[in-house]
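Text of the file structure-v7.cif, holding mmCIF, C-alpha atoms:
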data_protein
loop_
_atom_site.label_atom_id
_atom_site.label_comp_id
_atom_site.auth_asym_id
_atom_site.auth_seq_id
_atom_site.Cartn_x
_atom_site.Cartn_y
_atom_site.Cartn_z
CA MET E 26 -61.87 -64.52 -45.81
CA GLY E 27 -61.17 -67.95 -44.26
CA ARG E 28 -60.28 -68.63 -40.62
CA SER E 29 -56.57 -68.79 -41.49
CA SER E 30 -56.66 -65.13 -42.60
CA PRO E 31 -57.59 -62.83 -39.69
CA SER E 32 -59.91 -59.92 -40.38
CA ARG E 33 -58.53 -56.38 -40.58
CA MET E 34 -60.73 -55.29 -37.65
CA ALA E 35 -59.43 -58.09 -35.43
CA LEU E 36 -55.83 -57.20 -36.26
CA TRP E 37 -56.35 -53.59 -35.23
CA ALA E 38 -57.34 -54.87 -31.79
CA ILE E 39 -54.05 -56.68 -31.21
CA LEU E 40 -52.32 -55.48 -28.04
CA LEU E 41 -48.99 -53.76 -28.66
CA ALA E 42 -45.94 -54.40 -26.43
CA THR E 43 -42.18 -53.64 -26.33
CA THR E 44 -38.49 -54.63 -25.82
CA THR E 45 -35.30 -55.60 -27.95
CA SER E 46 -32.68 -53.57 -29.70
CA LEU E 47 -32.17 -52.56 -33.30
CA VAL E 48 -30.08 -50.09 -35.27
CA VAL E 49 -32.56 -47.94 -37.18
CA SER E 50 -32.46 -45.56 -40.12
CA ALA E 51 -33.82 -42.01 -40.00
CA GLU E 52 -36.94 -43.16 -41.85
CA ASP E 53 -37.82 -45.53 -39.01
CA PRO E 54 -40.23 -44.03 -36.40
CA GLN E 55 -37.81 -45.34 -33.76
CA TYR E 56 -35.30 -42.71 -34.84
CA GLY E 57 -37.89 -40.00 -34.25
CA ALA E 58 -38.75 -41.44 -30.84
CA THR E 59 -35.06 -41.36 -29.93
CA MET E 60 -34.84 -37.69 -30.95
CA PHE E 61 -37.98 -36.95 -28.94
CA THR E 62 -36.33 -38.55 -25.90
CA LYS E 63 -33.17 -36.52 -26.44
CA ALA E 64 -35.11 -33.25 -26.69
CA ALA E 65 -37.47 -34.09 -23.81
CA ARG E 66 -34.57 -34.97 -21.51
CA GLY E 67 -33.03 -31.61 -22.41
CA VAL E 68 -36.27 -29.92 -21.39
CA CYS E 69 -36.27 -31.79 -18.08
CA TRP E 70 -32.65 -30.82 -17.47
CA ILE E 71 -33.28 -27.11 -18.07
CA GLU E 72 -36.67 -26.78 -16.38
CA LYS E 73 -36.26 -29.13 -13.42
CA LEU E 74 -32.53 -29.21 -12.70
CA HIS E 75 -30.47 -26.42 -14.26
CA LYS E 76 -32.76 -23.57 -13.25
CA LEU E 77 -32.23 -22.31 -9.73
CA PRO E 78 -34.70 -24.14 -7.47
CA PRO E 79 -37.90 -22.21 -6.78
CA ILE E 80 -38.75 -20.78 -3.39
CA LYS E 81 -41.82 -23.01 -3.51
CA LYS E 82 -41.67 -26.52 -5.00
CA GLU E 83 -43.79 -26.81 -8.11
CA GLY E 84 -44.74 -29.87 -10.09
CA VAL E 85 -42.74 -33.00 -10.87
CA ASN E 86 -39.04 -33.00 -9.97
CA TRP E 87 -36.11 -33.52 -12.32
CA GLY E 88 -35.57 -37.20 -11.57
CA THR E 89 -39.18 -38.13 -12.25
CA CYS E 90 -39.28 -36.01 -15.39
CA ASP E 91 -35.99 -37.31 -16.80
CA ASP E 92 -36.72 -40.93 -15.96
CA ASN E 93 -40.22 -40.89 -17.42
CA VAL E 94 -39.72 -39.20 -20.80
CA ARG E 95 -37.45 -41.95 -22.08
CA ILE E 96 -38.68 -44.29 -24.79
CA ASP E 97 -36.93 -47.64 -25.11
CA ASP E 98 -34.60 -47.70 -28.10
CA ASP E 99 -36.27 -50.89 -29.36
CA LYS E 100 -39.88 -49.79 -28.94
CA TYR E 101 -40.91 -49.66 -32.60
CA ALA E 102 -39.19 -52.94 -33.48
CA LYS E 103 -41.07 -54.71 -30.70
CA LEU E 104 -44.36 -53.16 -31.73
CA VAL E 105 -43.81 -54.51 -35.23
CA LYS E 106 -42.69 -57.92 -34.01
CA ASN E 107 -45.58 -58.26 -31.62
CA THR E 108 -48.09 -57.85 -34.43
CA GLU E 109 -46.09 -60.13 -36.72
CA ASP E 110 -46.09 -62.84 -34.07
CA GLN E 111 -49.87 -62.62 -33.78
CA LEU E 112 -50.24 -62.95 -37.54
CA THR E 113 -47.77 -65.83 -37.75
CA LYS E 114 -49.82 -67.78 -35.24
CA LYS E 115 -52.76 -67.44 -37.62
CA ASN E 116 -50.67 -68.52 -40.63
CA ALA E 117 -51.21 -65.12 -42.25
CA ASP E 118 -49.06 -63.79 -45.08
CA LEU E 119 -46.97 -61.06 -43.41
CA ASN E 120 -46.27 -59.32 -46.73
CA LYS E 121 -49.99 -59.02 -47.36
CA TYR E 122 -50.48 -57.20 -44.06
CA ARG E 123 -47.23 -55.19 -44.05
CA GLY E 124 -48.98 -51.84 -44.37
CA MET E 125 -51.32 -52.58 -41.51
CA ILE E 126 -48.47 -53.94 -39.35
CA ASN E 127 -46.62 -50.64 -39.79
CA ASP E 128 -49.78 -48.62 -39.15
CA ASN E 129 -50.38 -50.55 -35.94
CA ALA E 130 -46.81 -49.99 -34.83
CA MET E 131 -47.05 -46.27 -35.55
CA LYS E 132 -50.26 -46.08 -33.55
CA GLY E 133 -48.52 -47.80 -30.64
CA MET E 134 -45.51 -45.49 -30.92
CA LYS E 135 -47.74 -42.42 -30.81
CA ASN E 136 -49.46 -43.75 -27.70
CA SER E 137 -46.08 -44.28 -26.04
CA ILE E 138 -44.83 -40.78 -26.93
CA ARG E 139 -48.14 -39.28 -25.83
CA THR E 140 -47.77 -40.89 -22.39
CA LYS E 141 -44.17 -39.69 -21.95
CA PHE E 142 -45.07 -36.24 -23.27
CA GLN E 143 -47.47 -35.70 -20.35
CA ARG E 144 -44.48 -35.56 -17.98
CA LEU E 145 -43.31 -32.28 -19.51
CA PRO E 146 -44.31 -28.83 -18.21
CA SER E 147 -47.60 -27.43 -19.46
CA ALA E 148 -46.05 -24.85 -21.82
CA TYR E 149 -44.45 -27.67 -23.81
CA ARG E 150 -47.60 -29.77 -23.88
CA SER E 151 -49.66 -26.83 -25.14
CA ALA E 152 -47.21 -25.88 -27.87
CA CYS E 153 -46.27 -29.29 -29.22
CA ALA E 154 -49.18 -31.74 -28.86
CA SER E 155 -50.17 -31.46 -32.53
CA TYR E 156 -46.73 -32.76 -33.58
CA ILE E 157 -47.56 -36.14 -32.07
CA GLU E 158 -50.80 -36.49 -33.99
CA ASP E 159 -49.10 -35.51 -37.25
CA GLU E 160 -45.67 -37.13 -37.15
CA ASN E 161 -44.68 -35.38 -40.40
CA LYS E 162 -45.67 -31.84 -39.40
CA ALA E 163 -42.85 -29.43 -40.23
CA ALA E 164 -40.72 -28.11 -37.39
CA PRO E 165 -41.36 -24.49 -36.34
CA LYS E 166 -37.59 -23.80 -36.28
CA ASP E 167 -34.51 -25.84 -37.02
CA TYR E 168 -32.38 -27.03 -34.10
CA SER E 169 -30.23 -29.58 -35.91
CA SER E 170 -27.09 -27.95 -34.50
CA VAL E 171 -28.32 -28.96 -31.02
CA LEU E 172 -29.81 -32.38 -31.70
CA ASN E 173 -27.30 -33.35 -34.40
CA ASP E 174 -30.11 -35.17 -36.20
CA ALA E 175 -31.19 -36.05 -39.73
CA SER E 176 -33.04 -33.57 -41.94
CA GLU E 177 -36.17 -35.72 -42.29
CA TYR E 178 -37.73 -38.34 -40.03
CA PRO E 179 -41.04 -39.05 -38.27
CA PHE E 180 -41.64 -36.81 -35.22
CA ARG E 181 -38.87 -34.41 -36.22
CA GLY E 182 -41.32 -31.55 -35.79
CA LEU E 183 -42.06 -32.70 -32.24
CA ALA E 184 -38.40 -32.82 -31.16
CA HIS E 185 -37.71 -29.40 -32.65
CA CYS E 186 -40.93 -27.92 -31.24
CA LEU E 187 -39.77 -28.88 -27.75
CA LEU E 188 -36.51 -26.98 -28.25
CA ASN E 189 -38.33 -24.03 -29.80
CA THR E 190 -40.54 -23.86 -26.71
CA LEU E 191 -37.50 -24.20 -24.49
CA GLU E 192 -35.95 -21.19 -26.24
CA ASN E 193 -39.20 -19.22 -25.95
CA GLU E 194 -39.34 -19.98 -22.21
CA ASN E 195 -35.65 -19.53 -21.38
CA GLY E 196 -34.07 -17.50 -24.17
CA ALA E 197 -31.07 -18.38 -26.28
CA LYS E 198 -29.07 -19.12 -23.12
CA GLY E 199 -31.40 -22.03 -22.34
CA ILE E 200 -30.54 -23.62 -25.67
CA SER E 201 -26.81 -22.95 -25.34
CA ASP E 202 -26.73 -24.33 -21.79
CA MET E 203 -28.56 -27.48 -22.88
CA LYS E 204 -26.18 -28.01 -25.81
CA SER E 205 -23.16 -27.41 -23.58
CA ASN E 206 -24.41 -30.04 -21.14
CA MET E 207 -24.97 -32.54 -23.96
CA ASP E 208 -21.55 -31.93 -25.53
CA ASN E 209 -19.36 -31.30 -22.50
CA PRO E 210 -21.04 -31.95 -19.13
CA LYS E 211 -19.37 -30.51 -16.04
CA PRO E 212 -17.55 -32.75 -13.55
CA PHE E 213 -19.46 -33.57 -10.36
CA LEU E 214 -17.38 -31.38 -8.05
CA ASP E 215 -17.64 -28.32 -10.29
CA ALA E 216 -21.37 -28.74 -10.85
CA ILE E 217 -22.44 -29.14 -7.21
CA LEU E 218 -20.14 -26.36 -5.94
CA GLU E 219 -21.47 -23.99 -8.57
CA ARG E 220 -25.08 -24.73 -7.62
CA GLU E 221 -24.51 -24.34 -3.88
CA ASN E 222 -22.73 -21.03 -4.45
CA GLU E 223 -25.52 -19.84 -6.74
CA ASN E 224 -27.95 -20.59 -3.94
CA ARG E 225 -25.77 -18.81 -1.38
CA ALA E 226 -25.53 -15.77 -3.65
CA ARG E 227 -29.32 -15.47 -3.47
CA HIS E 228 -28.84 -14.70 0.23
CA GLY E 229 -25.84 -12.42 -0.15
CA VAL E 230 -23.42 -14.73 1.70
CA PRO E 231 -19.83 -15.51 0.61
CA ALA E 232 -19.15 -18.38 -1.76
CA LEU E 233 -17.78 -21.66 -0.44
CA THR E 234 -14.26 -22.74 -1.38
CA MET E 235 -13.52 -26.34 -2.33
CA ASP E 236 -11.20 -28.14 0.09
CA SER E 237 -9.38 -31.30 -0.99
CA GLU E 238 -9.27 -32.87 2.47
CA LEU E 239 -13.02 -32.36 2.93
CA ASN E 240 -13.54 -33.86 -0.55
CA THR E 241 -11.59 -36.94 0.53
CA ARG E 242 -13.64 -37.34 3.70
CA ALA E 243 -16.96 -36.76 1.97
CA GLN E 244 -16.10 -39.23 -0.80
CA ARG E 245 -15.01 -41.84 1.73
CA TYR E 246 -18.29 -41.59 3.58
CA ALA E 247 -20.35 -41.56 0.36
CA GLU E 248 -18.77 -44.89 -0.58
CA ILE E 249 -19.58 -46.29 2.87
CA LEU E 250 -23.21 -45.22 2.48
CA ALA E 251 -23.36 -46.77 -0.99
CA ARG E 252 -22.08 -50.08 0.36
CA LYS E 253 -24.78 -49.97 3.03
CA CYS E 254 -27.32 -48.68 0.48
CA HIS E 255 -28.64 -46.47 3.24
CA MET E 256 -28.42 -42.78 4.17
CA GLU E 257 -27.50 -41.85 7.73
CA HIS E 258 -25.52 -38.94 9.14
CA MET E 259 -22.10 -40.02 10.33
CA SER E 260 -22.67 -38.47 13.75
CA LYS E 261 -25.71 -40.72 14.26
CA ASP E 262 -24.18 -43.87 12.82
CA PRO E 263 -23.19 -46.21 15.70
CA GLU E 264 -20.11 -47.22 13.70
CA PHE E 265 -18.76 -43.65 13.81
CA GLY E 266 -20.53 -41.23 16.16
CA GLU E 267 -20.39 -37.48 16.62
CA ASN E 268 -16.79 -37.50 17.90
CA HIS E 269 -15.31 -39.30 14.88
CA PRO E 270 -12.11 -37.58 13.62
CA ASP E 271 -13.60 -37.15 10.13
CA LEU E 272 -16.16 -34.77 11.64
CA GLN E 273 -13.47 -32.49 13.10
CA TYR E 274 -11.51 -30.02 10.97
CA ASN E 275 -9.44 -26.88 11.55
CA GLY E 276 -10.09 -27.04 15.27
CA GLY E 277 -13.86 -27.32 15.04
CA ARG E 278 -16.67 -29.58 13.93
CA THR E 279 -17.84 -29.89 10.36
CA GLY E 280 -21.39 -29.79 9.10
CA GLU E 281 -22.86 -32.47 6.85
CA ASN E 282 -25.58 -32.63 4.22
CA LEU E 283 -26.71 -35.91 2.64
CA ALA E 284 -28.89 -36.67 -0.34
CA GLU E 285 -30.28 -40.05 -1.34
CA LEU E 286 -31.40 -40.02 -4.96
CA LYS E 287 -32.90 -42.58 -7.29
CA ALA E 288 -30.17 -44.18 -9.39
CA MET E 289 -30.98 -43.43 -13.01
CA GLN E 290 -28.81 -42.90 -16.07
CA GLY E 291 -28.15 -39.29 -15.14
CA SER E 292 -24.55 -38.25 -14.53
CA ASP E 293 -22.99 -37.82 -11.11
CA ALA E 294 -22.90 -34.08 -11.82
CA ASP E 295 -26.65 -33.99 -12.38
CA SER E 296 -27.19 -35.98 -9.19
CA GLY E 297 -25.07 -33.49 -7.27
CA VAL E 298 -27.06 -30.51 -8.55
CA ASP E 299 -30.29 -32.39 -7.83
CA GLY E 300 -29.16 -32.98 -4.26
CA ALA E 301 -28.22 -29.31 -3.78
CA ASN E 302 -31.60 -28.29 -5.20
CA GLU E 303 -33.39 -30.57 -2.77
CA TRP E 304 -31.49 -29.09 0.17
CA TYR E 305 -32.36 -25.58 -0.92
CA THR E 306 -36.09 -26.17 -1.43
CA GLU E 307 -36.42 -26.64 2.34
CA ILE E 308 -36.45 -22.82 2.40
CA GLU E 309 -40.23 -23.10 2.13
CA ASN E 310 -40.27 -24.47 5.69
CA TYR E 311 -38.01 -21.84 7.24
CA PRO E 312 -39.64 -19.57 9.90
CA TRP E 313 -38.37 -16.15 8.88
CA PRO E 314 -36.91 -13.89 10.19
CA ALA E 315 -35.05 -16.56 12.15
CA TRP E 316 -35.46 -19.95 13.75
CA THR E 317 -35.21 -19.59 17.52
CA GLY E 318 -35.93 -23.18 18.49
CA GLY E 319 -39.05 -25.31 18.51
CA LYS E 320 -40.93 -27.08 15.75
CA THR E 321 -41.07 -25.95 12.15
CA LYS E 322 -43.58 -26.94 9.48
CA GLY E 323 -41.00 -29.19 7.88
CA VAL E 324 -37.29 -30.03 7.62
CA ILE E 325 -34.99 -26.98 7.42
CA GLY E 326 -31.55 -28.30 8.40
CA HIS E 327 -30.22 -29.07 4.92
CA PHE E 328 -31.18 -25.61 3.66
CA THR E 329 -29.65 -23.81 6.63
CA ALA E 330 -26.41 -25.83 6.47
CA SER E 331 -26.10 -25.04 2.76
CA VAL E 332 -26.48 -21.25 3.09
CA TRP E 333 -24.87 -20.83 6.55
CA LYS E 334 -22.94 -17.56 6.29
CA SER E 335 -19.93 -18.47 8.43
CA SER E 336 -19.19 -21.73 6.58
CA GLN E 337 -16.19 -21.19 4.33
CA LEU E 338 -14.90 -24.54 3.07
CA VAL E 339 -16.70 -27.49 1.53
CA GLY E 340 -16.01 -30.96 0.22
CA TYR E 341 -18.26 -33.35 -1.69
CA GLY E 342 -18.57 -37.03 -2.41
CA VAL E 343 -20.86 -39.12 -4.59
CA ALA E 344 -21.17 -42.90 -4.88
CA ARG E 345 -23.38 -45.61 -6.32
CA ARG E 346 -22.99 -49.36 -6.60
CA ASP E 347 -24.53 -52.27 -8.44
CA GLY E 348 -27.48 -53.73 -6.59
CA CYS E 349 -28.34 -50.46 -4.84
CA ASP E 350 -30.91 -48.35 -6.67
CA LYS E 351 -29.61 -45.15 -5.06
CA ILE E 352 -27.03 -42.44 -5.56
CA LEU E 353 -25.58 -41.08 -2.31
CA VAL E 354 -24.30 -37.50 -2.19
CA VAL E 355 -22.35 -36.12 0.79
CA ALA E 356 -21.36 -32.51 1.55
CA ARG E 357 -19.01 -31.52 4.40
CA TYR E 358 -18.83 -27.88 5.52
CA SER E 359 -16.21 -26.10 7.67
CA PRO E 360 -16.96 -24.45 9.96
CA GLY E 361 -20.18 -26.41 10.31
CA GLY E 362 -23.51 -24.60 10.42
CA ASN E 363 -26.69 -25.14 12.40
CA VAL E 364 -24.90 -24.23 15.61
CA GLN E 365 -26.15 -22.93 18.95
CA SER E 366 -24.32 -20.77 21.49
CA ALA E 367 -25.19 -21.06 25.17
CA GLY E 368 -28.24 -23.04 24.12
CA MET E 369 -29.48 -20.34 21.73
CA PRO E 370 -29.52 -20.96 17.97
CA LYS E 371 -27.28 -18.59 15.97
CA TYR E 372 -29.52 -18.56 12.94
CA LYS E 373 -30.40 -14.87 12.62
CA GLU E 374 -26.83 -13.84 11.76
CA ASN E 375 -26.10 -16.89 9.56
CA VAL E 376 -29.31 -17.65 7.65
CA LEU E 377 -30.10 -14.46 5.79
CA PRO E 378 -33.32 -13.89 3.82
CA PRO E 379 -33.21 -13.94 0.01
CA LEU E 380 -32.11 -10.66 -1.54
#
Give the structure from this file in structure tokens form.
Amino acid sequence: MGRSSPSRMALWAILLATTTSLVVSAEDPQYGATMFTKAARGVCWIEKLHKLPPIKKEGVNWGTCDDNVRIDDDKYAKLVKNTEDQLTKKNADLNKYRGMINDNAMKGMKNSIRTKFQRLPSAYRSACASYIEDENKAAPKDYSSVLNDASEYPFRGLAHCLLNTLENENGAKGISDMKSNMDNPKPFLDAILERENENRARHGVPALTMDSELNTRAQRYAEILARKCHMEHMSKDPEFGENHPDLQYNGGRTGENLAELKAMQGSDADSGVDGANEWYTEIENYPWPAWTGGKTKGVIGHFTASVWKSSQLVGYGVARRDGCDKILVVARYSPGGNVQSAGMPKYKENVLPPL
């Protein structure tokens, strides 16, 4: 073979890259990668967000999982184009090497899926790894009603294996909750209130009631934080201070929880639940049976404010803006928690141990 026709071995060594957008058919490996992403994001949502947060933090969080299982929707097209460009530079006949171009692109796609796949919990990796190596391996069970996908495509077995494992790990409710979130996600206010009240129920304390005025105040401050692209409690912000009227309600002071989350493509509702989960996981630092002052092994104030027994009303706000890679979540509680009386913390009667 002359110099103008590159050897097969040299072509296999071509580096594979990515980026552009293309509408693809079900036969295209890109379609399968898209379905893998859809299923993997569902796994992240169930395992790292929807489940009640653990007493002890374990493994990668929801944001990292969700953000890192996504495969660009133009990945396969760019893999193909990258190899074609290399061949064109060598004046090679693209039709002659079409089979190898596609093989190279498939190899690159598998490598990409394999990397994303490692972000999933170990049960999923153990059950479904073989479906990456054999992109045509039959699915263990059909979940087309959840994924709304085609009947045949590369990596179909992988996408359906992930949902089969999800069902094995979480029961039929895990699948129905995932589908419900895909088809009809909850509004932000409903989602975050539900999660905070689920967490409070674990401690046997009354549920919070949504208050429209507190919602207005929390949303107003969330938008201020988004403009600043910075999280700071209103009481400590020189622009406002601890005596600001927005921190007083029903004759007393309000409490405040803030969360600063990475701005991804997740919904505001998911960000709200993620923030509430983060507040609650501070339980691992709490010095049971009660904090009586002094240092703790870590932050506890968000957890205690969230489950404070005497708090009755709550309002929430969420904001993001272009140019700020953050989502800011604000919660306002009335009466506010984390209070002391005559210099003594009132934690024993307000922060109850898990049932």
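The space separating atom CA of Tyr274 of chain E from atom CA of Gln337 of chain E comes to 12.0 Å.
The closest residue to Asp128 of chain E, picked from E:Gly67, E:Gly182, E:Pro54, E:Gly276 and counting only C-alpha atoms, is E:Pro54.
The gap separating atom CA of Lys106 of chain E from atom CA of Ala58 of chain E is 17.2 Å, in Å to one decimal.
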Proximity check segment 149-206 of chain E to segment 129-140 of chain E, 9 Å, nearest pairs one decimal Å, all atoms listed in the file, as JSON lines:
{"residue": "E:Ala154", "atom": "CA", "partner": "E:Arg139", "partner_atom": "CA", "distance": 8.2}
{"residue": "E:Ile157", "atom": "CA", "partner": "E:Lys135", "partner_atom": "CA", "distance": 6.4}
{"residue": "E:Glu158", "atom": "CA", "partner": "E:Lys135", "partner_atom": "CA", "distance": 7.4}
{"residue": "E:Glu160", "atom": "CA", "partner": "E:Lys135", "partner_atom": "CA", "distance": 8.5}
Excluding segment 84-93 of chain E and any residue of its chain fewer than 6 positions from it, enumerate the residues within 9 Å of it, using all atoms listed in the file, and give them as a PDB file with C-alpha atoms, in the frame of the given file.
ATOM      1  CA  ALA E  65     -37.470 -34.090 -23.810  1.00  0.00           C
ATOM      2  CA  ARG E  66     -34.570 -34.970 -21.510  1.00  0.00           C
ATOM      3  CA  GLY E  67     -33.030 -31.610 -22.410  1.00  0.00           C
ATOM      4  CA  VAL E  68     -36.270 -29.920 -21.390  1.00  0.00           C
ATOM      5  CA  CYS E  69     -36.270 -31.790 -18.080  1.00  0.00           C
ATOM      6  CA  TRP E  70     -32.650 -30.820 -17.470  1.00  0.00           C
ATOM      7  CA  GLU E  72     -36.670 -26.780 -16.380  1.00  0.00           C
ATOM      8  CA  LYS E  73     -36.260 -29.130 -13.420  1.00  0.00           C
ATOM      9  CA  LEU E  74     -32.530 -29.210 -12.700  1.00  0.00           C
ATOM     10  CA  LYS E 141     -44.170 -39.690 -21.950  1.00  0.00           C
ATOM     11  CA  PHE E 142     -45.070 -36.240 -23.270  1.00  0.00           C
ATOM     12  CA  ARG E 144     -44.480 -35.560 -17.980  1.00  0.00           C
ATOM     13  CA  LEU E 145     -43.310 -32.280 -19.510  1.00  0.00           C
ATOM     14  CA  PRO E 146     -44.310 -28.830 -18.210  1.00  0.00           C
ATOM     15  CA  LEU E 286     -31.400 -40.020  -4.960  1.00  0.00           C
ATOM     16  CA  LYS E 287     -32.900 -42.580  -7.290  1.00  0.00           C
ATOM     17  CA  MET E 289     -30.980 -43.430 -13.010  1.00  0.00           C
ATOM     18  CA  GLN E 290     -28.810 -42.900 -16.070  1.00  0.00           C
ATOM     19  CA  GLY E 291     -28.150 -39.290 -15.140  1.00  0.00           C
ATOM     20  CA  SER E 296     -27.190 -35.980  -9.190  1.00  0.00           C
ATOM     21  CA  ASP E 299     -30.290 -32.390  -7.830  1.00  0.00           C
TER      22      ASP E 299
END
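The interatomic distance for the pair atom CA of Ala226 of chain E and atom CA of Lys373 of chain E works out to 17.0 Å.
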Just checking: using all atoms listed in the file, which residue out of E:Pro378, E:Thr59, E:Arg123, E:Leu250 ends up closest to Arg95 of chain E? E:Thr59
Could you pull the residues within 8 Å of Gln55 of chain E, counting all atoms listed in the file, minus those fewer than 4 positions along the same chain, as a PyMOL selection string? chain E and resi 49+59+98-102
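With distances restricted to all atoms listed in the file, E:Gly300 is the closest residue to Pro78 of chain E from E:Gly57, E:Pro270, E:Gly199, E:Gly300.
With all atoms listed in the file as the atoms that count, the residue of E:Thr113, E:Thr108, E:Asn127, E:Asn189 with the shortest distance to Cys153 of chain E is E:Asn189.
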Residue contacts of Phe61 of chain E (8 Å, only C-alpha atoms) excluding same-chain residues fewer than 5 positions away, as a list in words: Phe180, Arg181, Leu183 and Ala184 of chain E
